file structure28.cif (mmCIF, C-alpha atoms)
data_work
#
loop_
_atom_site.group_PDB
_atom_site.id
_atom_site.type_symbol
_atom_site.label_atom_id
_atom_site.label_comp_id
_atom_site.auth_asym_id
_atom_site.auth_seq_id
_atom_site.Cartn_x
_atom_site.Cartn_y
_atom_site.Cartn_z
ATOM 1 C CA MET A 195 -62.446 -7.959 63.158
ATOM 2 C CA THR A 196 -63.433 -9.766 66.332
ATOM 3 C CA ALA A 197 -65.501 -6.999 67.992
ATOM 4 C CA LEU A 198 -68.691 -9.089 68.043
ATOM 5 C CA GLY A 199 -67.693 -11.529 70.763
ATOM 6 C CA GLY A 200 -64.856 -13.214 68.875
ATOM 7 C CA VAL A 201 -66.866 -13.768 65.688
ATOM 8 C CA VAL A 202 -65.044 -12.708 62.546
ATOM 9 C CA ARG A 203 -67.154 -10.346 60.472
ATOM 10 C CA ASP A 204 -68.200 -11.245 56.971
ATOM 11 C CA TYR A 205 -66.261 -9.964 54.035
ATOM 12 C CA PHE A 206 -67.356 -6.452 53.066
ATOM 13 C CA LYS A 207 -70.390 -6.431 50.803
ATOM 14 C CA PRO A 208 -71.600 -3.275 49.094
ATOM 15 C CA ARG A 209 -75.270 -2.248 49.320
ATOM 16 C CA ASP A 210 -76.241 -4.097 46.148
ATOM 17 C CA GLY A 211 -75.091 -7.391 47.760
ATOM 18 C CA VAL A 212 -72.550 -8.234 45.031
ATOM 19 C CA GLU A 213 -69.286 -9.401 46.554
ATOM 20 C CA GLN A 214 -66.163 -7.895 45.022
ATOM 21 C CA PRO A 215 -63.029 -10.058 44.691
ATOM 22 C CA ARG A 216 -60.125 -9.179 46.930
ATOM 23 C CA VAL A 217 -57.360 -7.124 45.392
ATOM 24 C CA VAL A 218 -54.303 -9.249 44.647
ATOM 25 C CA VAL A 219 -51.126 -7.334 43.935
ATOM 26 C CA GLY A 220 -49.348 -9.024 41.028
ATOM 27 C CA GLU A 221 -46.549 -6.587 40.362
ATOM 28 C CA ILE A 222 -45.022 -3.723 42.277
ATOM 29 C CA LEU A 223 -42.321 -1.175 41.581
ATOM 30 C CA CYS A 224 -39.230 -2.687 43.195
ATOM 31 C CA TRP A 225 -37.442 -0.223 45.474
ATOM 32 C CA TRP A 226 -34.106 -1.828 44.585
ATOM 33 C CA CYS A 227 -33.970 -2.310 40.808
ATOM 34 C CA ARG A 228 -36.779 0.160 39.954
ATOM 35 C CA GLU A 229 -38.552 -2.405 37.732
ATOM 36 C CA MET A 230 -41.982 -3.982 38.049
ATOM 37 C CA HIS A 231 -42.173 -7.557 39.383
ATOM 38 C CA SER A 232 -43.903 -9.673 42.044
ATOM 39 C CA PRO A 233 -43.557 -8.652 45.714
ATOM 40 C CA GLU A 234 -41.955 -12.020 46.545
ATOM 41 C CA ARG A 235 -39.100 -11.309 44.165
ATOM 42 C CA VAL A 236 -37.957 -8.083 45.860
ATOM 43 C CA GLU A 237 -35.532 -9.869 48.220
ATOM 44 C CA ALA A 238 -34.120 -11.972 45.380
ATOM 45 C CA CYS A 239 -33.789 -8.876 43.218
ATOM 46 C CA MET A 240 -31.230 -7.190 45.439
ATOM 47 C CA ALA A 241 -27.830 -6.992 43.763
ATOM 48 C CA LEU A 242 -25.811 -7.522 46.945
ATOM 49 C CA PRO A 243 -26.739 -9.854 49.781
ATOM 50 C CA ARG A 244 -27.410 -8.284 53.149
ATOM 51 C CA LYS A 245 -24.649 -8.545 55.695
ATOM 52 C CA VAL A 246 -25.275 -10.995 58.502
ATOM 53 C CA ALA A 247 -23.625 -10.427 61.859
ATOM 54 C CA SER A 248 -20.810 -12.851 62.506
ATOM 55 C CA ALA A 249 -21.309 -15.275 65.363
ATOM 56 C CA ASN A 250 -17.602 -15.095 66.189
ATOM 57 C CA GLY A 251 -17.827 -11.385 66.893
ATOM 58 C CA SER A 252 -14.118 -10.602 66.548
ATOM 59 C CA GLU A 253 -13.610 -11.703 62.955
ATOM 60 C CA SER A 254 -13.333 -8.915 60.394
ATOM 61 C CA SER A 255 -12.459 -8.496 56.747
ATOM 62 C CA THR A 256 -9.000 -7.213 57.685
ATOM 63 C CA SER A 257 -8.081 -10.239 59.793
ATOM 64 C CA LYS A 258 -6.585 -11.997 56.755
ATOM 65 C CA SER A 259 -5.172 -8.908 55.028
ATOM 66 C CA LEU A 260 -1.523 -9.998 54.905
ATOM 67 C CA ASP A 261 -2.148 -12.654 52.244
ATOM 68 C CA ALA A 262 -0.949 -11.028 48.983
ATOM 69 C CA GLY A 263 -3.460 -12.949 46.847
ATOM 70 C CA LEU A 264 -4.320 -10.746 43.860
ATOM 71 C CA LEU A 265 -1.285 -8.494 44.416
ATOM 72 C CA LEU A 266 1.265 -11.329 44.571
ATOM 73 C CA GLN A 267 2.508 -10.550 41.053
ATOM 74 C CA TYR A 268 2.927 -6.827 41.859
ATOM 75 C CA SER A 269 5.946 -6.782 44.172
ATOM 76 C CA GLU A 270 6.381 -2.988 44.207
ATOM 77 C CA LEU A 271 2.728 -2.405 45.090
ATOM 78 C CA TRP A 272 2.879 -5.106 47.749
ATOM 79 C CA ALA A 273 5.994 -3.516 49.253
ATOM 80 C CA PHE A 274 4.269 -0.097 49.181
ATOM 81 C CA LEU A 275 1.329 -1.585 51.104
ATOM 82 C CA THR A 276 3.196 -3.701 53.651
ATOM 83 C CA ALA A 277 6.808 -2.557 54.122
ATOM 84 C CA GLU A 278 7.355 -1.133 57.596
ATOM 85 C CA THR A 279 10.965 -0.022 57.056
ATOM 86 C CA TYR A 280 12.887 1.838 54.358
ATOM 87 C CA PRO A 281 15.997 0.207 52.799
ATOM 88 C CA ASP A 282 18.192 2.171 55.249
ATOM 89 C CA GLY A 283 16.315 0.645 58.205
ATOM 90 C CA THR A 284 14.230 3.642 59.310
ATOM 91 C CA ARG A 285 10.600 2.930 60.152
ATOM 92 C CA ARG A 286 7.754 3.845 57.814
ATOM 93 C CA GLN A 287 3.975 3.572 57.852
ATOM 94 C CA PRO A 288 2.599 1.177 55.223
ATOM 95 C CA GLY A 289 0.732 2.767 52.303
ATOM 96 C CA LYS A 290 -2.873 2.370 51.183
ATOM 97 C CA ILE A 291 -4.534 1.838 47.820
ATOM 98 C CA SER A 292 -8.147 2.526 46.921
ATOM 99 C CA LEU A 293 -9.992 1.546 43.754
ATOM 100 C CA SER A 294 -12.978 3.646 42.690
ATOM 101 C CA CYS A 295 -15.308 3.835 39.720
ATOM 102 C CA GLU A 296 -16.926 6.983 38.384
ATOM 103 C CA SER A 297 -18.489 7.702 34.994
ATOM 104 C CA GLY A 298 -17.133 4.507 33.450
ATOM 105 C CA LEU A 299 -13.520 5.122 34.491
ATOM 106 C CA LEU A 300 -11.621 3.365 37.245
ATOM 107 C CA GLY A 301 -9.391 5.296 39.591
ATOM 108 C CA LEU A 302 -6.480 3.953 41.639
ATOM 109 C CA LEU A 303 -5.449 6.110 44.587
ATOM 110 C CA LEU A 304 -2.128 5.333 46.283
ATOM 111 C CA THR A 305 -1.719 7.027 49.667
ATOM 112 C CA ASP A 306 1.723 7.261 51.238
ATOM 113 C CA CYS A 307 0.740 7.507 54.916
ATOM 114 C CA ASP A 308 4.303 8.138 56.046
ATOM 115 C CA ASN A 309 4.824 11.291 53.961
ATOM 116 C CA ASP A 310 1.192 12.500 53.715
ATOM 117 C CA GLN A 311 1.265 12.275 49.929
ATOM 118 C CA TYR A 312 -0.905 10.634 47.288
ATOM 119 C CA ALA A 313 -0.796 9.606 43.635
ATOM 120 C CA PHE A 314 -3.764 8.947 41.371
ATOM 121 C CA LEU A 315 -4.035 6.901 38.185
ATOM 122 C CA SER A 316 -7.129 6.385 36.029
ATOM 123 C CA GLY A 317 -8.068 3.896 33.341
ATOM 124 C CA ARG A 318 -10.705 1.490 32.081
ATOM 125 C CA ASN A 319 -9.261 -1.821 33.276
ATOM 126 C CA PRO A 320 -8.185 -2.761 36.841
ATOM 127 C CA THR A 321 -5.376 -5.011 35.599
ATOM 128 C CA THR A 322 -3.940 -2.228 33.441
ATOM 129 C CA LEU A 323 -4.126 0.179 36.388
ATOM 130 C CA LEU A 324 -2.273 -2.226 38.691
ATOM 131 C CA GLU A 325 0.368 -2.897 36.024
ATOM 132 C CA GLU A 326 0.886 0.821 35.433
ATOM 133 C CA ALA A 327 1.173 1.509 39.166
ATOM 134 C CA GLU A 328 3.682 -1.344 39.511
ATOM 135 C CA LEU A 329 5.788 -0.069 36.602
ATOM 136 C CA ARG A 330 5.715 3.568 37.732
ATOM 137 C CA LEU A 331 6.548 2.639 41.336
ATOM 138 C CA SER A 332 9.512 0.540 40.199
ATOM 139 C CA ASP A 333 11.016 3.206 37.893
ATOM 140 C CA GLY A 334 10.177 6.143 40.191
ATOM 141 C CA SER A 335 7.993 7.959 37.645
ATOM 142 C CA LEU A 336 4.849 7.945 39.798
ATOM 143 C CA SER A 337 4.385 11.544 40.923
ATOM 144 C CA PHE A 338 3.112 11.959 44.472
ATOM 145 C CA LYS A 339 1.410 15.178 45.567
ATOM 146 C CA PRO A 340 1.094 16.532 49.101
ATOM 147 C CA SER A 341 -2.235 15.733 50.713
ATOM 148 C CA LYS A 342 -4.310 18.565 52.087
ATOM 149 C CA TYR A 343 -5.638 16.068 54.649
ATOM 150 C CA SER A 344 -2.280 15.395 56.258
ATOM 151 C CA ASN A 345 -1.829 14.059 59.773
ATOM 152 C CA SER A 346 0.175 17.126 60.786
ATOM 153 C CA LYS A 347 -2.821 19.376 60.112
ATOM 154 C CA LYS A 348 -5.032 17.187 62.277
ATOM 155 C CA GLY A 349 -2.763 17.622 65.266
ATOM 156 C CA LYS A 350 -1.580 14.029 65.325
ATOM 157 C CA SER A 351 1.993 13.236 66.206
ATOM 158 C CA ARG A 352 4.009 11.228 63.712
#
call {"tool": "encode", "arguments": {"input": "structure28.cif", "output": "structure tokens"}}
result
Amino acid sequence: MTALGGVVRDYFKPRDGVEQPRVVVGEILCWWCREMHSPERVEACMALPRKVASANGSESSTSKSLDAGLLLQYSELWAFLTAETYPDGTRRQPGKISLSCESGLLGLLLTDCDNDQYAFLSGRNPTTLLEEAELRLSDGSLSFKPSKYSNSKKGKSR
């Protein structure tokens, strides 16, 4: 643009001398929502905000994990997740729960890290799933299956 001694060249004119208006993009196919809208709206269109690095550096989402919060009303689930000893006093590894969604159904996976076992429940409502897990943990009817991804197969000591 500035090849002629710092002078900006004129806007391109075809041979007939008629100046064509510049192309202004009004709508584009958004890479996020796959709908057509203005380029300025692409950032606002994103469903989840982008993660920003924390200035503190050491703070993580697990730093406040011992507050029962949502699980306060589910004492059996909370004990499954946090208890570090059995009633007889022997040590145990706390369990894990995972919530997933696939094809319109929710899945609740309970992983017993101490025994390398898991149990899975499915349903349409997270509250119903938590209530069912609580009830089945309390009455002992939740059937755990051995995990094929056990720690003993990975060569880890228990």
call {"tool": "closest_atom_pairs", "arguments": {"input": "structure28.cif", "of": "region 315-347 of chain A", "to": "region 294-305 of chain A", "cutoff": "7 Å", "atoms": "only C-alpha atoms", "output": "tab-separated table"}}
result
residue	atom	partner	partner_atom	distance
A:Leu315	CA	A:Leu302	CA	5.2
A:Ser316	CA	A:Gly301	CA	4.4
A:Gly317	CA	A:Leu300	CA	5.3
A:Arg318	CA	A:Leu299	CA	5.2
A:Asn319	CA	A:Leu300	CA	6.9
A:Leu323	CA	A:Leu302	CA	6.9
call {"tool": "atom_distance", "arguments": {"input": "structure28.cif", "atom1": "CA of Leu331 (chain A)", "atom2": "CA of Ile291 (chain A)"}}
result
12.9 Å
call {"tool": "resolve_selection", "arguments": {"input": "structure28.cif", "expression": "the PyMOL selection byres ((chain A and resi 233) around 9)", "output": "ChimeraX atom specification"}}
result
/A:219-224,231-232,234-237
call {"tool": "residues_around", "arguments": {"input": "structure28.cif", "residues": "region 309-311 of chain A", "least_positions_apart": "2", "cutoff": "9 Å", "atoms": "all atoms listed in the file", "output": "number ranges by chain"}}
result
A: 286-287, 304-307, 313, 338-346
call {"tool": "write_last_selection", "arguments": {"input": "structure28.cif", "atoms": "C-alpha atoms", "output": "PDB file, in the frame of the given file"}}
result
ATOM      1  CA  ARG A 286       7.754   3.845  57.814  1.00  0.00           C
ATOM      2  CA  GLN A 287       3.975   3.572  57.852  1.00  0.00           C
ATOM      3  CA  LEU A 304      -2.128   5.333  46.283  1.00  0.00           C
ATOM      4  CA  THR A 305      -1.719   7.027  49.667  1.00  0.00           C
ATOM      5  CA  ASP A 306       1.723   7.261  51.238  1.00  0.00           C
ATOM      6  CA  CYS A 307       0.740   7.507  54.916  1.00  0.00           C
ATOM      7  CA  ALA A 313      -0.796   9.606  43.635  1.00  0.00           C
ATOM      8  CA  PHE A 338       3.112  11.959  44.472  1.00  0.00           C
ATOM      9  CA  LYS A 339       1.410  15.178  45.567  1.00  0.00           C
ATOM     10  CA  PRO A 340       1.094  16.532  49.101  1.00  0.00           C
ATOM     11  CA  SER A 341      -2.235  15.733  50.713  1.00  0.00           C
ATOM     12  CA  LYS A 342      -4.310  18.565  52.087  1.00  0.00           C
ATOM     13  CA  TYR A 343      -5.638  16.068  54.649  1.00  0.00           C
ATOM     14  CA  SER A 344      -2.280  15.395  56.258  1.00  0.00           C
ATOM     15  CA  ASN A 345      -1.829  14.059  59.773  1.00  0.00           C
ATOM     16  CA  SER A 346       0.175  17.126  60.786  1.00  0.00           C
TER      17      SER A 346
END
call {"tool": "residues_around", "arguments": {"input": "structure28.cif", "residues": "Phe274 (chain A)", "least_positions_apart": "4", "cutoff": "7 Å", "atoms": "only C-alpha atoms", "output": "list of chain:residue names"}}
result
A:Glu270, A:Pro288, A:Gly289
call {"tool": "closest_residue", "arguments": {"input": "structure28.cif", "among": "A:Ala277, A:Leu324, A:Leu266, A:Val218", "to": "Ser292 (chain A)", "atoms": "only C-alpha atoms"}}
result
A:Leu324
call {"tool": "atom_distance", "arguments": {"input": "structure28.cif", "atom1": "CA of Arg285 (chain A)", "atom2": "CA of Asp308 (chain A)"}}
result
9.1 Å
call {"tool": "atom_distance", "arguments": {"input": "structure28.cif", "atom1": "CA of Leu336 (chain A)", "atom2": "CA of Leu271 (chain A)"}}
result
11.8 Å
call {"tool": "residues_near_point", "arguments": {"input": "structure28.cif", "point": "(1.9, -5.5, 41.3)", "cutoff": "9 Å", "atoms": "all atoms listed in the file", "output": "ChimeraX atom specification"}}
result
/A:264-272,324-329
call {"tool": "closest_residue", "arguments": {"input": "structure28.cif", "among": "A:Lys290, A:Pro320, A:Gly334, A:Cys227", "to": "Ala273 (chain A)", "atoms": "all atoms listed in the file"}}
result
A:Lys290
